[in-house]
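Data from work04.pdb: PDB, C-alpha atoms
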```pdb
ATOM      1  CA  MET F   1     -27.986  20.716  44.804  1.00  0.00           C
ATOM      2  CA  LYS F   2     -27.538  22.394  41.426  1.00  0.00           C
ATOM      3  CA  ASN F   3     -23.799  21.517  41.485  1.00  0.00           C
ATOM      4  CA  LYS F   4     -24.617  17.865  42.171  1.00  0.00           C
ATOM      5  CA  ILE F   5     -26.959  17.742  39.174  1.00  0.00           C
ATOM      6  CA  ILE F   6     -24.325  19.328  36.917  1.00  0.00           C
ATOM      7  CA  LEU F   7     -21.680  16.919  38.217  1.00  0.00           C
ATOM      8  CA  LEU F   8     -24.004  13.948  37.674  1.00  0.00           C
ATOM      9  CA  GLY F   9     -24.769  15.156  34.129  1.00  0.00           C
ATOM     10  CA  MET F  10     -21.048  15.473  33.347  1.00  0.00           C
ATOM     11  CA  LEU F  11     -20.415  11.993  34.733  1.00  0.00           C
ATOM     12  CA  ILE F  12     -23.185  10.493  32.549  1.00  0.00           C
ATOM     13  CA  LEU F  13     -21.798  12.320  29.501  1.00  0.00           C
ATOM     14  CA  ALA F  14     -18.272  11.026  30.236  1.00  0.00           C
ATOM     15  CA  VAL F  15     -19.513   7.433  30.562  1.00  0.00           C
ATOM     16  CA  PHE F  16     -21.427   7.806  27.283  1.00  0.00           C
ATOM     17  CA  LEU F  17     -18.369   9.195  25.457  1.00  0.00           C
ATOM     18  CA  ILE F  18     -16.106   6.450  26.799  1.00  0.00           C
ATOM     19  CA  GLY F  19     -18.657   3.850  25.638  1.00  0.00           C
ATOM     20  CA  CYS F  20     -18.714   5.412  22.161  1.00  0.00           C
ATOM     21  CA  GLU F  21     -14.903   5.372  22.004  1.00  0.00           C
ATOM     22  CA  ARG F  22     -14.822   1.678  22.935  1.00  0.00           C
ATOM     23  CA  THR F  23     -17.417   0.898  20.249  1.00  0.00           C
ATOM     24  CA  THR F  24     -15.348   2.737  17.631  1.00  0.00           C
ATOM     25  CA  ASN F  25     -12.191   0.860  18.629  1.00  0.00           C
ATOM     26  CA  THR F  26     -14.032  -2.457  18.524  1.00  0.00           C
ATOM     27  CA  LYS F  27     -15.180  -1.749  14.965  1.00  0.00           C
ATOM     28  CA  GLU F  28     -11.622  -0.898  13.942  1.00  0.00           C
ATOM     29  CA  VAL F  29     -10.342  -4.163  15.399  1.00  0.00           C
ATOM     30  CA  LYS F  30     -13.042  -6.127  13.563  1.00  0.00           C
ATOM     31  CA  GLU F  31     -12.046  -4.483  10.279  1.00  0.00           C
ATOM     32  CA  ASP F  32      -8.403  -5.426  10.906  1.00  0.00           C
ATOM     33  CA  VAL F  33      -9.380  -9.012  11.657  1.00  0.00           C
ATOM     34  CA  GLN F  34     -11.233  -9.216   8.329  1.00  0.00           C
ATOM     35  CA  LEU F  35      -7.942  -8.393   6.563  1.00  0.00           C
ATOM     36  CA  ILE F  36      -6.554 -11.738   7.699  1.00  0.00           C
ATOM     37  CA  GLY F  37      -7.340 -14.069   4.827  1.00  0.00           C
ATOM     38  CA  GLU F  38      -6.552 -17.608   3.883  1.00  0.00           C
ATOM     39  CA  VAL F  39      -3.197 -19.352   3.790  1.00  0.00           C
ATOM     40  CA  LYS F  40      -2.184 -19.775   0.155  1.00  0.00           C
ATOM     41  CA  GLU F  41       0.684 -22.122  -0.670  1.00  0.00           C
ATOM     42  CA  PHE F  42       2.526 -22.197  -3.987  1.00  0.00           C
ATOM     43  CA  VAL F  43       5.295 -24.458  -5.232  1.00  0.00           C
ATOM     44  CA  MET F  44       7.558 -22.442  -7.516  1.00  0.00           C
ATOM     45  CA  THR F  45      10.453 -23.444  -9.740  1.00  0.00           C
ATOM     46  CA  ALA F  46      13.281 -21.111 -10.716  1.00  0.00           C
ATOM     47  CA  LYS F  47      15.212 -22.091 -13.824  1.00  0.00           C
ATOM     48  CA  GLN F  48      17.041 -20.341 -16.609  1.00  0.00           C
ATOM     49  CA  TRP F  49      15.352 -17.895 -17.259  1.00  0.00           C
ATOM     50  CA  GLU F  50      11.919 -18.107 -15.743  1.00  0.00           C
ATOM     51  CA  PHE F  51       9.811 -18.630 -12.659  1.00  0.00           C
ATOM     52  CA  VAL F  52       7.049 -21.229 -12.859  1.00  0.00           C
ATOM     53  CA  PRO F  53       4.381 -20.158 -12.159  1.00  0.00           C
ATOM     54  CA  GLU F  54       5.129 -16.716 -13.548  1.00  0.00           C
ATOM     55  CA  THR F  55       1.966 -15.126 -12.117  1.00  0.00           C
ATOM     56  CA  ILE F  56       0.485 -15.623  -8.650  1.00  0.00           C
ATOM     57  CA  LYS F  57      -2.972 -14.279  -7.747  1.00  0.00           C
ATOM     58  CA  VAL F  58      -4.082 -13.853  -4.124  1.00  0.00           C
ATOM     59  CA  ASN F  59      -6.444 -11.756  -2.041  1.00  0.00           C
ATOM     60  CA  GLN F  60      -5.392  -8.921   0.212  1.00  0.00           C
ATOM     61  CA  GLY F  61      -4.819 -10.259   3.702  1.00  0.00           C
ATOM     62  CA  ASP F  62      -3.855 -13.776   2.586  1.00  0.00           C
ATOM     63  CA  LYS F  63      -0.811 -15.374   4.162  1.00  0.00           C
ATOM     64  CA  ILE F  64       1.422 -16.462   1.305  1.00  0.00           C
ATOM     65  CA  LYS F  65       3.752 -19.447   1.553  1.00  0.00           C
ATOM     66  CA  LEU F  66       6.096 -19.950  -1.393  1.00  0.00           C
ATOM     67  CA  LYS F  67       8.255 -23.067  -1.702  1.00  0.00           C
ATOM     68  CA  ILE F  68      10.831 -22.139  -4.330  1.00  0.00           C
ATOM     69  CA  THR F  69      13.399 -24.530  -5.805  1.00  0.00           C
ATOM     70  CA  SER F  70      16.119 -23.720  -8.331  1.00  0.00           C
ATOM     71  CA  THR F  71      16.538 -26.598 -10.751  1.00  0.00           C
ATOM     72  CA  ASP F  72      19.771 -25.556 -12.455  1.00  0.00           C
ATOM     73  CA  VAL F  73      22.015 -22.730 -11.190  1.00  0.00           C
ATOM     74  CA  ALA F  74      21.919 -20.199  -8.350  1.00  0.00           C
ATOM     75  CA  HIS F  75      19.060 -17.728  -8.679  1.00  0.00           C
ATOM     76  CA  GLY F  76      17.459 -15.157  -6.446  1.00  0.00           C
ATOM     77  CA  PHE F  77      13.872 -14.287  -5.582  1.00  0.00           C
ATOM     78  CA  SER F  78      13.226 -10.634  -4.872  1.00  0.00           C
ATOM     79  CA  LEU F  79       9.865  -9.035  -4.112  1.00  0.00           C
ATOM     80  CA  ASN F  80      10.832  -5.546  -2.975  1.00  0.00           C
ATOM     81  CA  GLU F  81       7.408  -4.289  -1.847  1.00  0.00           C
ATOM     82  CA  PHE F  82       7.260  -7.052   0.765  1.00  0.00           C
ATOM     83  CA  GLY F  83      10.921  -6.894   1.819  1.00  0.00           C
ATOM     84  CA  ILE F  84      11.882 -10.260   0.326  1.00  0.00           C
ATOM     85  CA  ASN F  85      15.228 -11.132  -1.250  1.00  0.00           C
ATOM     86  CA  GLU F  86      16.279 -14.791  -1.038  1.00  0.00           C
ATOM     87  CA  ILE F  87      19.174 -16.702  -2.592  1.00  0.00           C
ATOM     88  CA  LEU F  88      18.089 -19.940  -4.298  1.00  0.00           C
ATOM     89  CA  GLU F  89      20.782 -22.587  -4.430  1.00  0.00           C
ATOM     90  CA  PRO F  90      20.411 -25.399  -6.992  1.00  0.00           C
ATOM     91  CA  GLY F  91      18.394 -28.340  -5.702  1.00  0.00           C
ATOM     92  CA  LYS F  92      17.450 -26.673  -2.388  1.00  0.00           C
ATOM     93  CA  THR F  93      13.963 -25.473  -1.511  1.00  0.00           C
ATOM     94  CA  VAL F  94      13.584 -22.085   0.152  1.00  0.00           C
ATOM     95  CA  GLU F  95      10.366 -21.241   1.989  1.00  0.00           C
ATOM     96  CA  VAL F  96       9.178 -17.636   1.858  1.00  0.00           C
ATOM     97  CA  GLU F  97       6.223 -16.439   3.946  1.00  0.00           C
ATOM     98  CA  PHE F  98       4.513 -13.055   4.091  1.00  0.00           C
ATOM     99  CA  ILE F  99       1.113 -11.385   4.382  1.00  0.00           C
ATOM    100  CA  ALA F 100      -0.220  -9.835   1.179  1.00  0.00           C
ATOM    101  CA  ASP F 101      -1.266  -6.673   2.993  1.00  0.00           C
ATOM    102  CA  LYS F 102      -1.147  -4.353  -0.042  1.00  0.00           C
ATOM    103  CA  ARG F 103      -3.356  -4.364  -3.138  1.00  0.00           C
ATOM    104  CA  GLY F 104      -1.858  -4.106  -6.578  1.00  0.00           C
ATOM    105  CA  THR F 105       0.429  -5.822  -9.047  1.00  0.00           C
ATOM    106  CA  PHE F 106       3.963  -6.378  -7.791  1.00  0.00           C
ATOM    107  CA  ASN F 107       6.904  -7.616  -9.830  1.00  0.00           C
ATOM    108  CA  PHE F 108       9.270 -10.268  -8.525  1.00  0.00           C
ATOM    109  CA  PHE F 109      12.557 -11.010 -10.198  1.00  0.00           C
ATOM    110  CA  CYS F 110      15.807 -12.961 -10.057  1.00  0.00           C
ATOM    111  CA  SER F 111      18.330 -11.036  -7.955  1.00  0.00           C
ATOM    112  CA  VAL F 112      21.367 -13.227  -8.740  1.00  0.00           C
ATOM    113  CA  ILE F 113      23.012 -12.907 -12.142  1.00  0.00           C
ATOM    114  CA  CYS F 114      22.289 -16.299 -13.690  1.00  0.00           C
ATOM    115  CA  GLY F 115      23.260 -15.976 -17.330  1.00  0.00           C
ATOM    116  CA  GLU F 116      22.303 -14.374 -20.595  1.00  0.00           C
ATOM    117  CA  GLY F 117      18.524 -14.219 -19.979  1.00  0.00           C
ATOM    118  CA  HIS F 118      18.812 -13.007 -16.366  1.00  0.00           C
ATOM    119  CA  GLY F 119      17.241  -9.601 -17.116  1.00  0.00           C
ATOM    120  CA  ASN F 120      14.032 -11.250 -18.339  1.00  0.00           C
ATOM    121  CA  MET F 121      13.599 -13.579 -15.356  1.00  0.00           C
ATOM    122  CA  ASN F 122      10.631 -12.078 -13.565  1.00  0.00           C
ATOM    123  CA  GLY F 123       7.002 -12.576 -12.650  1.00  0.00           C
ATOM    124  CA  LYS F 124       3.978 -10.933 -11.059  1.00  0.00           C
ATOM    125  CA  LEU F 125       2.152 -11.117  -7.760  1.00  0.00           C
ATOM    126  CA  ILE F 126      -1.399  -9.822  -8.166  1.00  0.00           C
ATOM    127  CA  VAL F 127      -3.173  -8.916  -4.934  1.00  0.00           C
ATOM    128  CA  THR F 128      -6.902  -8.105  -5.232  1.00  0.00           C
TER     129      THR F 128
END
```
Structure rendered as structure tokens:
Amino acid sequence: MKNKIILLGMLILAVFLIGCERTTNTKEVKEDVQLIGEVKEFVMTAKQWEFVPETIKVNQGDKIKLKITSTDVAHGFSLNEFGINEILEPGKTVEVEFIADKRGTFNFFCSVICGEGHGNMNGKLIVT
């Protein structure tokens, strides 16, 4: 009889611990879901020697959609922290999508040598 009571107590404890584990996992999933923000779309122009707009501000978790068009010569769009490096051919629009899953200020820049001012062709993505 004593063994049955001990076994029953262990079974109740196990069920309680499993329930606590499921609750913890559910909270973690809810926190992850809250990181999924809004879809933010930006139309960007690349031209010698600037990006317009030069600064983009978004919230962490937002899905970013950039529509980038070069208006003059071949340029590039590189945002290393998010694994992006696209070639921008004149007159063609390139769509870039990513989740802003990191907070901070990140520099983007032209990755194709485009002339004398190439080294100054950059901008900022600010994720709050």
Here atom CA of F:Ile113 and atom CA of F:Val96 stand apart by 20.2 Å
So what do you get for atom CA of F:Lys40 versus atom CA of F:Ile68, distance-wise?
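One can read the atom CA of F:Lys40 to atom CA of F:Ile68 distance as 14.0 Å.
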Would you kindly return, as a ChimeraX atom specification, each protein, DNA or RNA residue with an atom no farther than 8 Å from any atom of F:Gln48, considering only C-alpha atoms and excluding same-chain residues fewer than 5 positions away?
/F:72-73,114-115,117-118,121
Considering all atoms listed in the file, state which residue in the set F:Lys67, F:Lys124, F:Arg103, F:Lys57 is at the smallest distance from F:Glu41.
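Closest to F:Glu41, using all atoms listed in the file: F:Lys67.
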So which one's closest to F:His75, F:Glu38, F:Glu97, F:Asp62, F:Glu50? Using all atoms listed in the file, please.
F:Glu50
Would you kindly place N, CA, C and O atoms on stretch 42-61 of chain F and return the model as a PDB file, keeping the file's coordinate frame?
```pdb
ATOM      1  N   PHE F  42       2.142 -22.021  -2.589  1.00  0.00           N
ATOM      2  CA  PHE F  42       2.526 -22.197  -3.987  1.00  0.00           C
ATOM      3  C   PHE F  42       3.887 -22.879  -4.043  1.00  0.00           C
ATOM      4  O   PHE F  42       4.796 -22.535  -3.291  1.00  0.00           O
ATOM      5  N   VAL F  43       4.010 -23.835  -4.936  1.00  0.00           N
ATOM      6  CA  VAL F  43       5.295 -24.458  -5.232  1.00  0.00           C
ATOM      7  C   VAL F  43       5.800 -23.779  -6.494  1.00  0.00           C
ATOM      8  O   VAL F  43       5.106 -23.746  -7.510  1.00  0.00           O
ATOM      9  N   MET F  44       7.009 -23.207  -6.405  1.00  0.00           N
ATOM     10  CA  MET F  44       7.558 -22.442  -7.516  1.00  0.00           C
ATOM     11  C   MET F  44       8.909 -23.017  -7.911  1.00  0.00           C
ATOM     12  O   MET F  44       9.682 -23.445  -7.064  1.00  0.00           O
ATOM     13  N   THR F  45       9.166 -23.013  -9.206  1.00  0.00           N
ATOM     14  CA  THR F  45      10.453 -23.444  -9.740  1.00  0.00           C
ATOM     15  C   THR F  45      11.154 -22.248 -10.367  1.00  0.00           C
ATOM     16  O   THR F  45      10.530 -21.462 -11.075  1.00  0.00           O
ATOM     17  N   ALA F  46      12.446 -22.124 -10.072  1.00  0.00           N
ATOM     18  CA  ALA F  46      13.281 -21.111 -10.716  1.00  0.00           C
ATOM     19  C   ALA F  46      14.258 -21.852 -11.611  1.00  0.00           C
ATOM     20  O   ALA F  46      14.934 -22.784 -11.169  1.00  0.00           O
ATOM     21  N   LYS F  47      14.281 -21.469 -12.890  1.00  0.00           N
ATOM     22  CA  LYS F  47      15.212 -22.091 -13.824  1.00  0.00           C
ATOM     23  C   LYS F  47      15.537 -21.072 -14.903  1.00  0.00           C
ATOM     24  O   LYS F  47      14.800 -20.105 -15.108  1.00  0.00           O
ATOM     25  N   GLN F  48      16.645 -21.316 -15.593  1.00  0.00           N
ATOM     26  CA  GLN F  48      17.041 -20.341 -16.609  1.00  0.00           C
ATOM     27  C   GLN F  48      15.960 -20.238 -17.664  1.00  0.00           C
ATOM     28  O   GLN F  48      15.662 -21.222 -18.326  1.00  0.00           O
ATOM     29  N   TRP F  49      15.381 -19.206 -17.884  1.00  0.00           N
ATOM     30  CA  TRP F  49      15.352 -17.895 -17.259  1.00  0.00           C
ATOM     31  C   TRP F  49      13.923 -17.536 -16.963  1.00  0.00           C
ATOM     32  O   TRP F  49      13.370 -16.603 -17.502  1.00  0.00           O
ATOM     33  N   GLU F  50      13.329 -18.309 -16.063  1.00  0.00           N
ATOM     34  CA  GLU F  50      11.919 -18.107 -15.743  1.00  0.00           C
ATOM     35  C   GLU F  50      11.565 -18.626 -14.355  1.00  0.00           C
ATOM     36  O   GLU F  50      12.282 -19.432 -13.774  1.00  0.00           O
ATOM     37  N   PHE F  51      10.454 -18.099 -13.855  1.00  0.00           N
ATOM     38  CA  PHE F  51       9.811 -18.630 -12.659  1.00  0.00           C
ATOM     39  C   PHE F  51       8.537 -19.327 -13.120  1.00  0.00           C
ATOM     40  O   PHE F  51       7.824 -18.833 -13.980  1.00  0.00           O
ATOM     41  N   VAL F  52       8.274 -20.502 -12.549  1.00  0.00           N
ATOM     42  CA  VAL F  52       7.049 -21.229 -12.859  1.00  0.00           C
ATOM     43  C   VAL F  52       6.354 -21.526 -11.528  1.00  0.00           C
ATOM     44  O   VAL F  52       6.952 -22.191 -10.680  1.00  0.00           O
ATOM     45  N   PRO F  53       5.157 -21.003 -11.273  1.00  0.00           N
ATOM     46  CA  PRO F  53       4.381 -20.158 -12.159  1.00  0.00           C
ATOM     47  C   PRO F  53       4.952 -18.735 -12.230  1.00  0.00           C
ATOM     48  O   PRO F  53       5.613 -18.272 -11.309  1.00  0.00           O
ATOM     49  N   GLU F  54       4.642 -18.074 -13.321  1.00  0.00           N
ATOM     50  CA  GLU F  54       5.129 -16.716 -13.548  1.00  0.00           C
ATOM     51  C   GLU F  54       4.215 -15.676 -12.899  1.00  0.00           C
ATOM     52  O   GLU F  54       4.650 -14.583 -12.555  1.00  0.00           O
ATOM     53  N   THR F  55       2.938 -16.030 -12.726  1.00  0.00           N
ATOM     54  CA  THR F  55       1.966 -15.126 -12.117  1.00  0.00           C
ATOM     55  C   THR F  55       1.271 -15.829 -10.956  1.00  0.00           C
ATOM     56  O   THR F  55       0.855 -16.982 -11.076  1.00  0.00           O
ATOM     57  N   ILE F  56       1.169 -15.111  -9.840  1.00  0.00           N
ATOM     58  CA  ILE F  56       0.485 -15.623  -8.650  1.00  0.00           C
ATOM     59  C   ILE F  56      -0.614 -14.630  -8.300  1.00  0.00           C
ATOM     60  O   ILE F  56      -0.359 -13.428  -8.204  1.00  0.00           O
ATOM     61  N   LYS F  57      -1.839 -15.136  -8.106  1.00  0.00           N
ATOM     62  CA  LYS F  57      -2.972 -14.279  -7.747  1.00  0.00           C
ATOM     63  C   LYS F  57      -3.478 -14.660  -6.356  1.00  0.00           C
ATOM     64  O   LYS F  57      -3.734 -15.838  -6.092  1.00  0.00           O
ATOM     65  N   VAL F  58      -3.609 -13.648  -5.494  1.00  0.00           N
ATOM     66  CA  VAL F  58      -4.082 -13.853  -4.124  1.00  0.00           C
ATOM     67  C   VAL F  58      -4.998 -12.698  -3.742  1.00  0.00           C
ATOM     68  O   VAL F  58      -5.122 -11.724  -4.472  1.00  0.00           O
ATOM     69  N   ASN F  59      -5.605 -12.823  -2.584  1.00  0.00           N
ATOM     70  CA  ASN F  59      -6.444 -11.756  -2.041  1.00  0.00           C
ATOM     71  C   ASN F  59      -5.683 -10.992  -0.971  1.00  0.00           C
ATOM     72  O   ASN F  59      -4.826 -11.559  -0.272  1.00  0.00           O
ATOM     73  N   GLN F  60      -6.016  -9.712  -0.835  1.00  0.00           N
ATOM     74  CA  GLN F  60      -5.392  -8.921   0.212  1.00  0.00           C
ATOM     75  C   GLN F  60      -5.699  -9.563   1.555  1.00  0.00           C
ATOM     76  O   GLN F  60      -6.816  -9.990   1.823  1.00  0.00           O
ATOM     77  N   GLY F  61      -4.680  -9.651   2.386  1.00  0.00           N
ATOM     78  CA  GLY F  61      -4.819 -10.259   3.702  1.00  0.00           C
ATOM     79  C   GLY F  61      -4.418 -11.723   3.750  1.00  0.00           C
ATOM     80  O   GLY F  61      -4.244 -12.273   4.834  1.00  0.00           O
TER      81      GLY F  61
END
```
